[in-house]
>>> print(open('target-v3.txt').read())   # compact mmCIF, C-alpha atoms and all ligand atoms
# COMPACT_ATOMS: atom_id res chain seq x y z
CA MET H 29 21.21 -7.87 -2.12
CA THR H 30 21.02 -11.42 -3.56
CA THR H 31 22.32 -11.70 -7.10
CA CYS H 32 20.16 -12.83 -9.96
CA SER H 33 21.13 -15.68 -12.29
CA ALA H 34 21.09 -15.38 -16.08
CA PHE H 35 17.80 -17.27 -16.45
CA PRO H 36 16.21 -17.28 -13.01
CA ARG H 37 13.62 -20.03 -12.84
CA PRO H 38 10.29 -18.19 -12.72
CA ARG H 39 8.01 -19.04 -9.84
CA VAL H 40 5.10 -20.79 -11.50
CA PRO H 41 2.01 -20.40 -9.36
CA ARG H 42 -0.50 -23.24 -9.15
CA PRO H 43 -3.38 -22.73 -9.63
CA PRO H 44 -3.15 -20.12 -12.42
CA SER H 45 -2.96 -16.47 -11.39
CA PHE H 46 -5.96 -15.72 -13.64
CA TYR H 47 -7.76 -16.92 -16.76
CA VAL H 48 -8.29 -15.18 -20.08
CA ARG H 49 -11.65 -16.87 -20.62
CA GLU H 50 -10.47 -20.51 -20.53
CA VAL H 51 -6.77 -19.78 -21.12
CA PRO H 52 -4.85 -20.12 -17.84
CA VAL H 53 -2.16 -17.53 -17.11
CA TYR H 54 0.56 -18.55 -14.67
CA GLY H 55 2.12 -15.42 -13.26
CA ASP H 56 1.27 -11.78 -12.76
CA VAL H 57 3.98 -9.95 -14.73
CA VAL H 58 3.63 -9.53 -18.49
CA LEU H 59 6.04 -8.07 -21.05
CA ALA H 60 4.21 -5.23 -22.85
CA PRO H 61 3.86 -5.28 -26.64
CA MET H 62 6.44 -2.94 -28.17
CA ASP H 63 6.81 -2.23 -31.87
CA GLY H 64 10.33 -3.08 -33.06
CA ILE H 65 11.13 -4.68 -29.70
CA THR H 66 8.86 -7.64 -28.96
CA ASP H 67 9.98 -9.69 -31.93
CA PRO H 68 10.24 -13.49 -31.53
CA PRO H 69 13.65 -13.55 -29.78
CA PHE H 70 12.84 -10.83 -27.23
CA ARG H 71 9.39 -12.28 -26.54
CA ALA H 72 10.87 -15.73 -26.07
CA LEU H 73 13.45 -14.28 -23.69
CA GLY H 74 10.67 -12.49 -21.82
CA ARG H 75 8.82 -15.77 -21.34
CA LEU H 76 12.02 -17.49 -20.16
CA LEU H 77 12.57 -14.75 -17.60
CA GLY H 78 9.03 -14.88 -16.26
CA SER H 79 6.61 -12.93 -18.47
CA ALA H 80 3.34 -14.81 -18.02
CA MET H 81 2.12 -14.09 -21.58
CA ALA H 82 3.80 -13.31 -24.92
CA TYR H 83 2.35 -10.30 -26.77
CA THR H 84 3.53 -9.63 -30.31
CA GLU H 85 4.17 -6.06 -31.42
CA PHE H 86 1.13 -4.54 -33.10
CA ILE H 87 0.40 -5.74 -36.62
CA HIS H 88 -1.73 -3.88 -39.11
CA ALA H 89 -4.85 -5.74 -40.26
CA VAL H 90 -3.97 -4.90 -43.87
CA ASP H 91 -0.56 -6.55 -43.50
CA VAL H 92 -2.21 -9.72 -42.21
CA LEU H 93 -4.31 -9.84 -45.34
CA GLN H 94 -1.73 -8.69 -47.86
CA ARG H 95 1.75 -9.60 -46.51
CA PRO H 96 1.38 -12.94 -44.72
CA GLN H 97 5.10 -13.81 -45.00
CA TRP H 98 6.14 -10.52 -43.43
CA VAL H 99 3.62 -11.03 -40.62
CA TRP H 100 4.82 -14.59 -40.04
CA ARG H 101 8.37 -13.28 -39.49
CA LYS H 102 7.05 -10.96 -36.78
CA VAL H 103 5.04 -13.70 -35.08
CA ARG H 104 6.98 -16.97 -35.55
CA PRO H 105 6.56 -18.23 -31.98
CA TYR H 106 9.02 -20.28 -29.97
CA PRO H 107 7.54 -23.51 -28.60
CA TRP H 108 7.53 -22.27 -25.00
CA GLU H 109 5.83 -18.95 -25.70
CA ALA H 110 2.23 -19.99 -25.05
CA PRO H 111 0.00 -18.21 -24.32
CA LEU H 112 0.85 -16.22 -27.43
CA VAL H 113 -1.16 -13.03 -27.92
CA VAL H 114 -1.18 -11.59 -31.44
CA GLN H 115 -1.97 -7.88 -31.34
CA LEU H 116 -3.77 -6.27 -34.28
CA TYR H 117 -4.66 -2.71 -35.14
CA GLY H 118 -6.76 -1.16 -37.85
CA HIS H 119 -9.59 1.26 -38.35
CA THR H 120 -12.43 -0.66 -39.92
CA VAL H 121 -14.48 -3.30 -38.19
CA ASN H 122 -14.69 -5.47 -41.30
CA MET H 123 -10.98 -5.51 -41.92
CA LEU H 124 -10.11 -6.21 -38.28
CA VAL H 125 -12.58 -9.09 -38.17
CA GLU H 126 -11.23 -10.55 -41.40
CA ALA H 127 -7.62 -10.17 -40.22
CA ALA H 128 -8.38 -11.68 -36.80
CA LEU H 129 -9.98 -14.72 -38.45
CA ARG H 130 -6.96 -15.14 -40.69
CA VAL H 131 -4.59 -14.85 -37.72
CA GLN H 132 -6.59 -17.38 -35.72
CA ASP H 133 -6.69 -19.87 -38.55
CA THR H 134 -3.12 -19.53 -39.81
CA LEU H 135 -0.98 -18.56 -36.81
CA GLY H 136 -2.79 -20.38 -34.01
CA PRO H 137 -2.38 -17.87 -31.17
CA ALA H 138 -4.03 -18.50 -27.80
CA ILE H 139 -5.49 -14.98 -27.76
CA ILE H 140 -6.04 -12.07 -30.17
CA ASP H 141 -5.65 -8.52 -28.83
CA ILE H 142 -6.84 -5.28 -30.35
CA ASN H 143 -4.61 -2.24 -29.96
CA MET H 144 -6.60 0.80 -28.84
CA GLY H 145 -3.69 2.69 -27.35
CA CYS H 146 -1.18 3.62 -30.05
CA PRO H 147 -0.73 7.42 -29.81
CA ASP H 148 0.86 7.99 -33.25
CA PRO H 149 -1.22 10.84 -34.77
CA ARG H 150 -1.08 9.26 -38.25
CA ILE H 151 -2.74 6.13 -36.86
CA VAL H 152 -5.10 7.94 -34.46
CA ARG H 153 -6.34 10.32 -37.18
CA ARG H 154 -7.67 7.36 -39.15
CA GLY H 155 -9.51 6.02 -36.10
CA ALA H 156 -7.11 3.19 -35.25
CA GLY H 157 -5.00 2.75 -32.09
CA ALA H 158 -6.08 5.28 -29.45
CA GLY H 159 -8.35 6.78 -32.14
CA MET H 160 -10.76 3.88 -31.45
CA LEU H 161 -11.48 5.41 -28.02
CA ARG H 162 -13.32 8.21 -29.81
CA SER H 163 -15.96 5.74 -31.02
CA PRO H 164 -17.36 3.57 -28.23
CA LEU H 165 -20.08 2.34 -30.58
CA LYS H 166 -17.49 1.10 -33.04
CA ILE H 167 -15.71 -0.69 -30.18
CA ALA H 168 -19.01 -2.36 -29.24
CA ARG H 169 -19.64 -3.49 -32.82
CA LEU H 170 -16.08 -4.71 -33.25
CA PHE H 171 -15.99 -6.77 -30.07
CA ARG H 172 -19.48 -8.16 -30.56
CA ARG H 173 -18.47 -9.47 -33.98
CA LEU H 174 -15.01 -10.64 -32.99
CA THR H 175 -16.21 -12.56 -29.96
CA ARG H 176 -19.05 -14.18 -31.92
CA ILE H 177 -16.90 -15.25 -34.85
CA LEU H 178 -13.59 -16.20 -33.24
CA GLU H 179 -12.92 -19.31 -31.22
CA VAL H 180 -10.01 -17.77 -29.31
CA PRO H 181 -10.54 -15.13 -26.60
CA VAL H 182 -10.30 -11.50 -27.69
CA THR H 183 -8.73 -8.84 -25.49
CA ALA H 184 -8.03 -5.10 -25.70
CA LYS H 185 -5.17 -2.81 -24.78
CA ILE H 186 -6.41 0.70 -24.12
CA ARG H 187 -5.32 4.11 -22.94
CA LEU H 188 -7.49 6.28 -20.70
CA GLY H 189 -8.64 8.46 -23.59
CA LEU H 190 -7.44 11.05 -26.05
CA ASP H 191 -6.70 14.00 -23.75
CA ASP H 192 -7.87 15.56 -20.49
CA THR H 193 -11.22 16.50 -22.05
CA CYS H 194 -11.91 13.03 -23.46
CA LYS H 195 -11.28 10.17 -21.06
CA PRO H 196 -13.97 7.55 -21.76
CA TYR H 197 -12.11 4.70 -20.05
CA ARG H 198 -15.00 3.72 -17.75
CA LEU H 199 -17.46 3.53 -20.64
CA VAL H 200 -14.96 1.73 -22.86
CA ALA H 201 -14.17 -0.84 -20.15
CA ARG H 202 -17.86 -1.58 -19.64
CA ILE H 203 -18.48 -1.83 -23.38
CA LEU H 204 -15.55 -4.20 -23.77
CA GLU H 205 -16.76 -6.47 -20.99
CA GLU H 206 -20.38 -6.43 -22.18
CA ASN H 207 -19.29 -7.35 -25.69
CA GLY H 208 -17.23 -10.34 -24.69
CA ALA H 209 -13.67 -9.06 -24.21
CA ALA H 210 -11.76 -11.52 -22.03
CA LEU H 211 -9.14 -9.12 -20.58
CA ILE H 212 -8.27 -5.42 -20.66
CA ALA H 213 -4.73 -4.10 -20.45
CA VAL H 214 -4.75 -0.43 -19.44
CA HIS H 215 -1.93 2.01 -20.07
CA GLY H 216 -2.76 4.77 -17.59
CA ARG H 217 -2.16 7.70 -19.94
CA THR H 218 -4.07 9.58 -22.61
CA GLN H 219 -3.02 9.76 -26.25
CA ALA H 220 -2.01 13.41 -25.78
CA GLN H 221 0.38 12.41 -23.02
CA GLY H 222 2.29 10.04 -25.28
CA TYR H 223 4.85 8.52 -22.93
CA ARG H 224 5.26 11.68 -20.83
CA GLY H 225 3.85 12.68 -17.47
CA GLN H 226 2.84 10.12 -14.93
CA ALA H 227 0.61 7.12 -15.53
CA ASP H 228 -2.65 7.41 -13.60
CA TRP H 229 -2.83 4.30 -11.43
CA GLU H 230 -6.03 5.55 -9.78
CA ALA H 231 -7.82 5.25 -13.13
CA ILE H 232 -6.41 1.74 -13.49
CA ARG H 233 -7.84 0.94 -10.03
CA GLU H 234 -11.25 2.26 -11.12
CA ILE H 235 -11.30 -0.01 -14.16
CA ALA H 236 -10.18 -3.05 -12.16
CA ALA H 237 -13.03 -2.39 -9.70
CA LEU H 238 -15.58 -1.86 -12.48
CA VAL H 239 -15.20 -5.06 -14.50
CA ARG H 240 -15.07 -8.75 -13.63
CA ILE H 241 -12.68 -9.76 -16.41
CA PRO H 242 -8.95 -9.58 -15.57
CA VAL H 243 -7.21 -6.23 -15.93
CA LEU H 244 -3.49 -5.73 -16.55
CA GLY H 245 -2.18 -2.42 -15.22
CA ASN H 246 0.46 -0.67 -17.29
CA GLY H 247 2.55 2.48 -17.07
CA ASP H 248 5.60 3.50 -15.08
CA VAL H 249 6.39 0.16 -13.46
CA ARG H 250 10.15 0.51 -13.18
CA THR H 251 11.27 -1.65 -10.25
CA PRO H 252 10.22 -4.93 -8.62
CA GLU H 253 8.78 -2.83 -5.77
CA ASP H 254 6.59 -1.00 -8.31
CA ILE H 255 5.10 -4.37 -9.34
CA GLU H 256 3.90 -5.06 -5.80
CA HIS H 257 2.87 -1.44 -5.33
CA MET H 258 0.71 -1.40 -8.45
CA LYS H 259 -0.89 -4.74 -7.55
CA ARG H 260 -1.64 -3.62 -4.01
CA THR H 261 -3.02 -0.18 -4.84
CA THR H 262 -5.04 -1.03 -7.95
CA GLY H 263 -6.22 -4.63 -7.45
CA VAL H 264 -5.20 -5.64 -10.99
CA ALA H 265 -4.74 -9.30 -11.92
CA GLY H 266 -1.33 -8.58 -13.38
CA VAL H 267 1.18 -5.89 -14.21
CA MET H 268 2.37 -5.15 -17.74
CA ILE H 269 5.89 -3.76 -18.16
CA GLY H 270 7.28 -2.05 -21.25
CA ARG H 271 10.29 0.26 -21.19
CA ALA H 272 11.67 -0.98 -17.89
CA ALA H 273 11.81 -4.53 -19.29
CA LEU H 274 13.79 -3.27 -22.26
CA ALA H 275 16.31 -1.68 -19.89
CA ASN H 276 16.22 -4.66 -17.51
CA PRO H 277 14.55 -7.85 -18.81
CA TRP H 278 15.23 -9.48 -15.42
CA ILE H 279 12.52 -7.23 -13.92
CA LEU H 280 10.17 -9.90 -15.33
CA ALA H 281 11.71 -12.20 -12.71
CA ARG H 282 11.41 -9.40 -10.13
CA CYS H 283 15.19 -8.77 -10.16
CA PRO H 284 16.51 -5.22 -9.95
CA ARG H 285 19.16 -4.45 -12.58
CA ASP H 286 21.93 -3.90 -10.04
CA ALA H 287 21.41 -7.47 -8.79
CA VAL H 288 22.29 -8.88 -12.22
CA PRO H 289 26.02 -9.75 -12.38
CA PRO H 290 28.07 -9.31 -15.59
CA ARG H 291 28.20 -13.10 -16.11
CA ALA H 292 24.38 -13.28 -16.21
CA VAL H 293 24.28 -10.35 -18.65
CA TRP H 294 26.85 -12.17 -20.81
CA HIS H 295 24.81 -15.40 -20.95
CA VAL H 296 21.56 -13.66 -21.81
CA LEU H 297 23.11 -11.24 -24.28
CA ARG H 298 24.84 -14.09 -26.13
CA TRP H 299 21.63 -16.16 -26.25
CA HIS H 300 19.66 -13.15 -27.47
CA LEU H 301 22.24 -12.26 -30.14
CA GLN H 302 22.45 -15.86 -31.36
CA GLU H 303 18.66 -16.00 -31.75
CA ASN H 304 18.70 -12.69 -33.63
CA LEU H 305 21.36 -13.94 -36.03
CA ARG H 306 19.45 -17.18 -36.56
CA LEU H 307 16.19 -15.36 -37.34
CA TYR H 308 17.43 -12.37 -39.33
CA GLY H 309 20.79 -13.49 -40.72
CA LEU H 310 24.27 -12.31 -39.74
CA GLN H 311 24.16 -8.70 -40.92
CA ARG H 312 20.58 -7.68 -40.20
CA GLY H 313 20.54 -9.74 -37.02
CA LEU H 314 23.45 -7.77 -35.59
CA VAL H 315 22.07 -4.40 -36.74
CA LEU H 316 18.70 -5.17 -35.13
CA PHE H 317 20.48 -6.29 -31.97
CA ARG H 318 22.24 -2.95 -31.44
CA LYS H 319 19.29 -1.36 -29.62
CA PHE H 320 19.18 -4.27 -27.18
CA ALA H 321 22.96 -4.28 -26.72
CA ALA H 322 22.86 -0.58 -25.84
CA ARG H 323 20.40 -1.41 -23.01
CA TYR H 324 22.27 -4.46 -21.71
CA LEU H 325 25.51 -2.51 -21.57
CA ALA H 326 24.17 0.90 -20.47
CA PRO H 327 25.18 0.51 -16.81
CA TYR H 328 28.89 0.00 -17.63
CA PRO H 329 31.09 3.13 -17.90
CA ALA H 330 33.44 1.35 -20.35
CA PHE H 331 30.50 0.99 -22.74
CA GLN H 332 29.60 4.66 -22.47
CA ARG H 333 33.18 5.56 -23.43
CA GLN H 334 33.19 3.38 -26.57
CA ARG H 335 29.50 3.26 -27.36
CA ARG H 336 29.77 4.27 -31.00
CA ALA H 337 32.72 2.02 -31.74
CA ILE H 338 30.99 -1.03 -30.25
CA LEU H 339 27.59 -0.43 -31.77
CA THR H 340 28.97 0.01 -35.26
CA LEU H 341 30.95 -3.26 -35.32
CA ASP H 342 29.54 -5.43 -38.09
CA ASP H 343 31.15 -8.75 -37.28
CA PRO H 344 29.36 -10.77 -34.56
CA ALA H 345 32.58 -12.35 -33.20
CA ARG H 346 34.34 -8.99 -32.88
CA PHE H 347 31.19 -7.51 -31.38
CA LEU H 348 31.13 -10.25 -28.71
CA ASP H 349 34.84 -9.67 -27.95
CA ALA H 350 34.06 -5.99 -27.36
CA VAL H 351 31.09 -6.89 -25.15
CA ALA H 352 33.24 -9.29 -23.09
CA ALA H 353 35.83 -6.55 -22.62
CA VAL H 354 33.14 -4.18 -21.34
CA LEU H 355 31.63 -6.74 -18.98
CA PHE H 356 34.75 -8.44 -17.63
CA GLU H 357 37.74 -6.19 -18.11
CA SER H 358 36.49 -2.70 -17.45
CA PRO H 359 37.07 -1.06 -14.06
C1 LIG C 1 9.14 1.48 -28.44
C2 LIG C 1 7.72 1.23 -28.00
C3 LIG C 1 6.86 0.55 -28.85
C4 LIG C 1 5.54 0.28 -28.45
N1 LIG C 1 4.74 -0.46 -29.29
C5 LIG C 1 3.50 -0.86 -28.83
C6 LIG C 1 2.71 -1.78 -29.60
O1 LIG C 1 3.10 -2.26 -30.66
N2 LIG C 1 1.49 -2.12 -29.09
C7 LIG C 1 1.03 -1.62 -27.89
O2 LIG C 1 -0.07 -1.95 -27.47
N3 LIG C 1 1.77 -0.76 -27.17
C8 LIG C 1 2.99 -0.39 -27.59
N4 LIG C 1 3.77 0.42 -26.79
C9 LIG C 1 3.27 0.83 -25.47
C10 LIG C 1 3.70 -0.14 -24.37
O3 LIG C 1 3.11 -1.40 -24.57
C11 LIG C 1 3.29 0.40 -22.98
O4 LIG C 1 1.91 0.56 -22.98
C12 LIG C 1 3.96 1.74 -22.67
O5 LIG C 1 5.33 1.72 -22.97
C13 LIG C 1 3.76 2.10 -21.18
O6 LIG C 1 4.33 1.13 -20.34
P1 LIG C 1 5.77 1.36 -19.63
O7 LIG C 1 5.68 2.60 -18.79
O8 LIG C 1 5.96 0.12 -18.80
O9 LIG C 1 6.78 1.50 -20.73
C14 LIG C 1 5.07 0.71 -27.18
C15 LIG C 1 5.94 1.42 -26.35
C16 LIG C 1 7.25 1.67 -26.73
C17 LIG C 1 8.16 2.41 -25.78
>>> encode(input="target-v3.txt", output="structure tokens", more="lines below")
Ligand SMILES: Cc1cc2nc3c(=O)[nH]c(=O)nc-3n(C[C@H](O)[C@H](O)[C@H](O)COP(=O)(O)O)c2cc1C
Amino acid sequence: MTTCSAFPRPRVPRPPSFYVREVPVYGDVVLAPMDGITDPPFRALGRLLGSAMAYTEFIHAVDVLQRPQWVWRKVRPYPWEAPLVVQLYGHTVNMLVEAALRVQDTLGPAIIDINMGCPDPRIVRRGAGAGMLRSPLKIARLFRRLTRILEVPVTAKIRLGLDDTCKPYRLVARILEENGAALIAVHGRTQAQGYRGQADWEAIREIAALVRIPVLGNGDVRTPEDIEHMKRTTGVAGVMIGRAALANPWILARCPRDAVPPRAVWHVLRWHLQENLRLYGLQRGLVLFRKFAARYLAPYPAFQRQRRAILTLDDPARFLDAVAAVLFESP
């Protein structure tokens, strides 16, 4: 197996792999939006490693309108992140439209995405996230207004439905396309499934065959082979990867984790930590980095033996010494 470098130069296809309306997208692998994960440093890393787009974590429409500083900290894009996709969620058409306008005019993203897939019952109960799938008419009204008012393209990230008895994904996909959506990302599960069971790639294939706008397929892509497999079997324009990219960000460059040598892990981990400390400050930056560190170091037995001790260090220099010992000194 060939080894993977720390920052493998992504293959940039010319012409673009697909367009989101007039926004060109170079590449067919996209880091999925993940709350608490796809903050500016991890998104920027994703783009460096080959993610073709940069989705923010979901942001509540009310926060856009009432806590602009807090939202800016979540979004604050790196210069190389374009095309930046700011993802919003909310339950009223008026508020989502107002928030989307504000985001467009103040944050300057290339694309605005509406989350229609979050399975959290507190969010779904109010009709936001996957709860939107219950109301195709509301989706039609929302997208008609958004695409008339906004200058940037508007996209949607959906699930297949709420449960086995309510899977309106074909109708929702048609409604989205007819009302101007420029791309649909499909997580091939229902709300009831959460993150369990298997993603239904056949349903993703149906949607990709039904609409002319680009579709991103999402769910259970764990290896570089899965990327090709999903593309081949579903006909999607691109593949969106969530949890597997948290465990192995190099999957965005189509590298399996066991092809990534300790030196490459060291370079990327140090870059990622440094960016966290710069953005969040020394203490909070290190605390927020722990979840990433646990993934970078998971494959090493020496880390498993001292996991707690390493993850509770509160001095960045001592933390890096411990990381180096795990990567370079352990058997
Ligand atoms: C920790 C976590 C946070 C997530 N947050 C979001 C989010 O903010 N917006 C969104 O659309 N999906 C979110 N998702 C769903 C992912 O984008 C993706 O659809 C899901 O993980 C399935 O893809 P995977 O099998 O590649 O992980 C989240 C998933 C995880 C695991």
>>> closest_atom_pairs(input="target-v3.txt", of="stretch 260-289 of chain H", to="stretch 202-215 of chain H", cutoff="10 Å", atoms="all atoms listed in the file", output="Markdown table")
| residue | atom | partner | partner_atom | distance |
| --- | --- | --- | --- | --- |
| H:Val264 | CA | H:Ala213 | CA | 9.6 |
| H:Ala265 | CA | H:Leu211 | CA | 9.7 |
| H:Gly266 | CA | H:Ala213 | CA | 9.0 |
| H:Val267 | CA | H:Ala213 | CA | 8.8 |
| H:Met268 | CA | H:Ala213 | CA | 7.7 |
| H:Ile269 | CA | H:His215 | CA | 9.9 |
>>> write_last_selection(input="target-v3.txt", atoms="C-alpha atoms", output="mmCIF file, in the frame of the given file")
data_model
loop_
_atom_site.group_PDB
_atom_site.id
_atom_site.type_symbol
_atom_site.label_atom_id
_atom_site.label_comp_id
_atom_site.auth_asym_id
_atom_site.auth_seq_id
_atom_site.Cartn_x
_atom_site.Cartn_y
_atom_site.Cartn_z
ATOM 1 C CA VAL H 264 -5.200 -5.640 -10.990
ATOM 2 C CA ALA H 265 -4.740 -9.300 -11.920
ATOM 3 C CA GLY H 266 -1.330 -8.580 -13.380
ATOM 4 C CA VAL H 267 1.180 -5.890 -14.210
ATOM 5 C CA MET H 268 2.370 -5.150 -17.740
ATOM 6 C CA ILE H 269 5.890 -3.760 -18.160
#
>>> closest_residue(input="target-v3.txt", among="H:Ile87, H:Ala60, H:Ala337, H:Ala236", to="H:Arg260", atoms="all atoms listed in the file")
H:Ala236
>>> closest_residue(input="target-v3.txt", among="H:Leu341, H:Leu274, H:Met258, H:Cys283", to="ligand LIG 1 (chain C)", atoms="only C-alpha atoms and all ligand atoms")
H:Leu274
>>> atom_distance(input="target-v3.txt", atom1="atom C8 of ligand LIG 1 (chain C)", atom2="atom CA of H:Glu85")
6.9 Å
>>> residues_near_ligand(input="target-v3.txt", ligand="ligand LIG 1 (chain C)", cutoff="7 Å", atoms="only C-alpha atoms and all ligand atoms", output="list in words")
Ala60, Pro61, Met62, Asp63, Gly64, Ile65, Glu85, Phe86, Asn143, Gly145, Cys146, Lys185, His215, Tyr223, Asn246, Gly247, Asp248, Val249, Met268, Ile269, Gly270, Arg271 and Ala272 of chain H
>>> closest_residue(input="target-v3.txt", among="H:Asp349, H:Asp343, H:Asp133, H:Asp148", to="H:Val180", atoms="only C-alpha atoms")
H:Asp133
>>> residues_around(input="target-v3.txt", residues="stretch 110-116 of chain H", least_positions_apart="4", cutoff="7 Å", atoms="only C-alpha atoms", output="list in words")
Met81, Ala82, Tyr83, Thr84, Glu85, Phe86, Ile87, His88, Ala89, Pro137, Ala138, Ile139, Ile140, Asp141, Ile142 and Asn143 of chain H
>>> residues_around(input="target-v3.txt", residues="H:Leu77", least_positions_apart="6", cutoff="8 Å", atoms="only C-alpha atoms", output="list in words")
Phe35, Pro36, Arg37, Pro38, Pro277, Trp278, Leu280 and Ala281 of chain H
>>> axis_aligned_box(input="target-v3.txt", around="stretch 299-302 of chain H", padding_each_side="3 Å", output="lines of an AutoDock Vina configuration file")
center_x = 21.1
center_y = -14.2
center_z = -28.8
size_x = 8.8
size_y = 9.9
size_z = 11.1
>>> atom_distance(input="target-v3.txt", atom1="atom CA of H:Gly225", atom2="atom CA of H:His257")
18.6 Å
>>> residues_around(input="target-v3.txt", residues="H:Leu297", least_positions_apart="2", cutoff="10 Å", atoms="all atoms listed in the file", output="JSON, numbers by chain")
{"H": [34, 291, 292, 293, 294, 295, 299, 300, 301, 302, 303, 317, 320, 321, 324, 325, 348, 351]}
>>> residues_around(input="target-v3.txt", residues="H:Pro289", least_positions_apart="5", cutoff="8 Å", atoms="all atoms listed in the file", output="MDAnalysis selection string")
chainID H and resid 31:33
>>> closest_residue(input="target-v3.txt", among="H:Pro107, H:Pro242, H:Pro284, H:Pro147", to="H:Phe46", atoms="all atoms listed in the file")
H:Pro242
>>> closest_residue(input="target-v3.txt", among="H:Thr340, H:Asn276, H:Asn122, H:Gln132", to="H:Phe171", atoms="all atoms listed in the file")
H:Asn122
>>> atom_distance(input="target-v3.txt", atom1="atom CA of H:Arg217", atom2="atom CA of H:Arg187")
5.6 Å
>>> closest_residue(input="target-v3.txt", among="H:Ala352, H:Val182, H:Leu161, H:Val296", to="H:Leu76", atoms="only C-alpha atoms")
H:Val296
>>> residues_near_point(input="target-v3.txt", point="(-5.9, -0.8, -4.6)", cutoff="12 Å", atoms="only C-alpha atoms", output="list of chain:residue names")
H:Trp229, H:Glu230, H:Ala231, H:Ile232, H:Arg233, H:Glu234, H:Ile235, H:Ala236, H:Ala237, H:Gly245, H:Glu256, H:His257, H:Met258, H:Lys259, H:Arg260, H:Thr261, H:Thr262, H:Gly263, H:Val264, H:Ala265
>>> decode(input="target-v3.txt", residues="stretch 49-62 of chain H", atoms="N, CA and C atoms", output="tab-separated table (two decimals), in the first residue's frame")
chain	number	residue	atom	x	y	z
H	49	ARG	N	-25.81	25.59	-9.29
H	49	ARG	CA	-26.21	26.70	-10.17
H	49	ARG	C	-24.97	27.20	-10.91
H	50	GLU	N	-24.44	28.42	-10.59
H	50	GLU	CA	-23.27	28.85	-11.34
H	50	GLU	C	-21.97	28.67	-10.55
H	51	VAL	N	-22.07	28.05	-9.37
H	51	VAL	CA	-20.87	27.88	-8.54
H	51	VAL	C	-20.18	26.56	-8.92
H	52	PRO	N	-18.95	26.64	-9.45
H	52	PRO	CA	-18.28	25.40	-9.85
H	52	PRO	C	-17.77	24.64	-8.63
H	53	VAL	N	-17.87	23.32	-8.67
H	53	VAL	CA	-17.35	22.49	-7.59
H	53	VAL	C	-16.32	21.54	-8.20
H	54	TYR	N	-15.10	21.65	-7.68
H	54	TYR	CA	-13.99	20.86	-8.22
H	54	TYR	C	-13.73	19.68	-7.29
H	55	GLY	N	-14.28	18.55	-7.61
H	55	GLY	CA	-14.07	17.37	-6.77
H	55	GLY	C	-15.40	16.73	-6.44
H	56	ASP	N	-15.35	15.49	-6.02
H	56	ASP	CA	-16.59	14.73	-5.81
H	56	ASP	C	-16.71	14.16	-4.40
H	57	VAL	N	-15.85	14.65	-3.47
H	57	VAL	CA	-15.95	14.21	-2.08
H	57	VAL	C	-16.12	15.45	-1.21
H	58	VAL	N	-17.10	15.40	-0.33
H	58	VAL	CA	-17.45	16.59	0.46
H	58	VAL	C	-17.55	16.20	1.94
H	59	LEU	N	-16.88	16.98	2.78
H	59	LEU	CA	-16.99	16.78	4.24
H	59	LEU	C	-18.41	17.18	4.68
H	60	ALA	N	-19.09	16.27	5.39
H	60	ALA	CA	-20.48	16.52	5.82
H	60	ALA	C	-20.51	17.56	6.94
H	61	PRO	N	-21.58	18.35	7.00
H	61	PRO	CA	-21.72	19.26	8.15
H	61	PRO	C	-21.92	18.45	9.42
H	62	MET	N	-21.18	18.81	10.47
H	62	MET	CA	-21.34	18.10	11.75
H	62	MET	C	-21.25	19.11	12.90
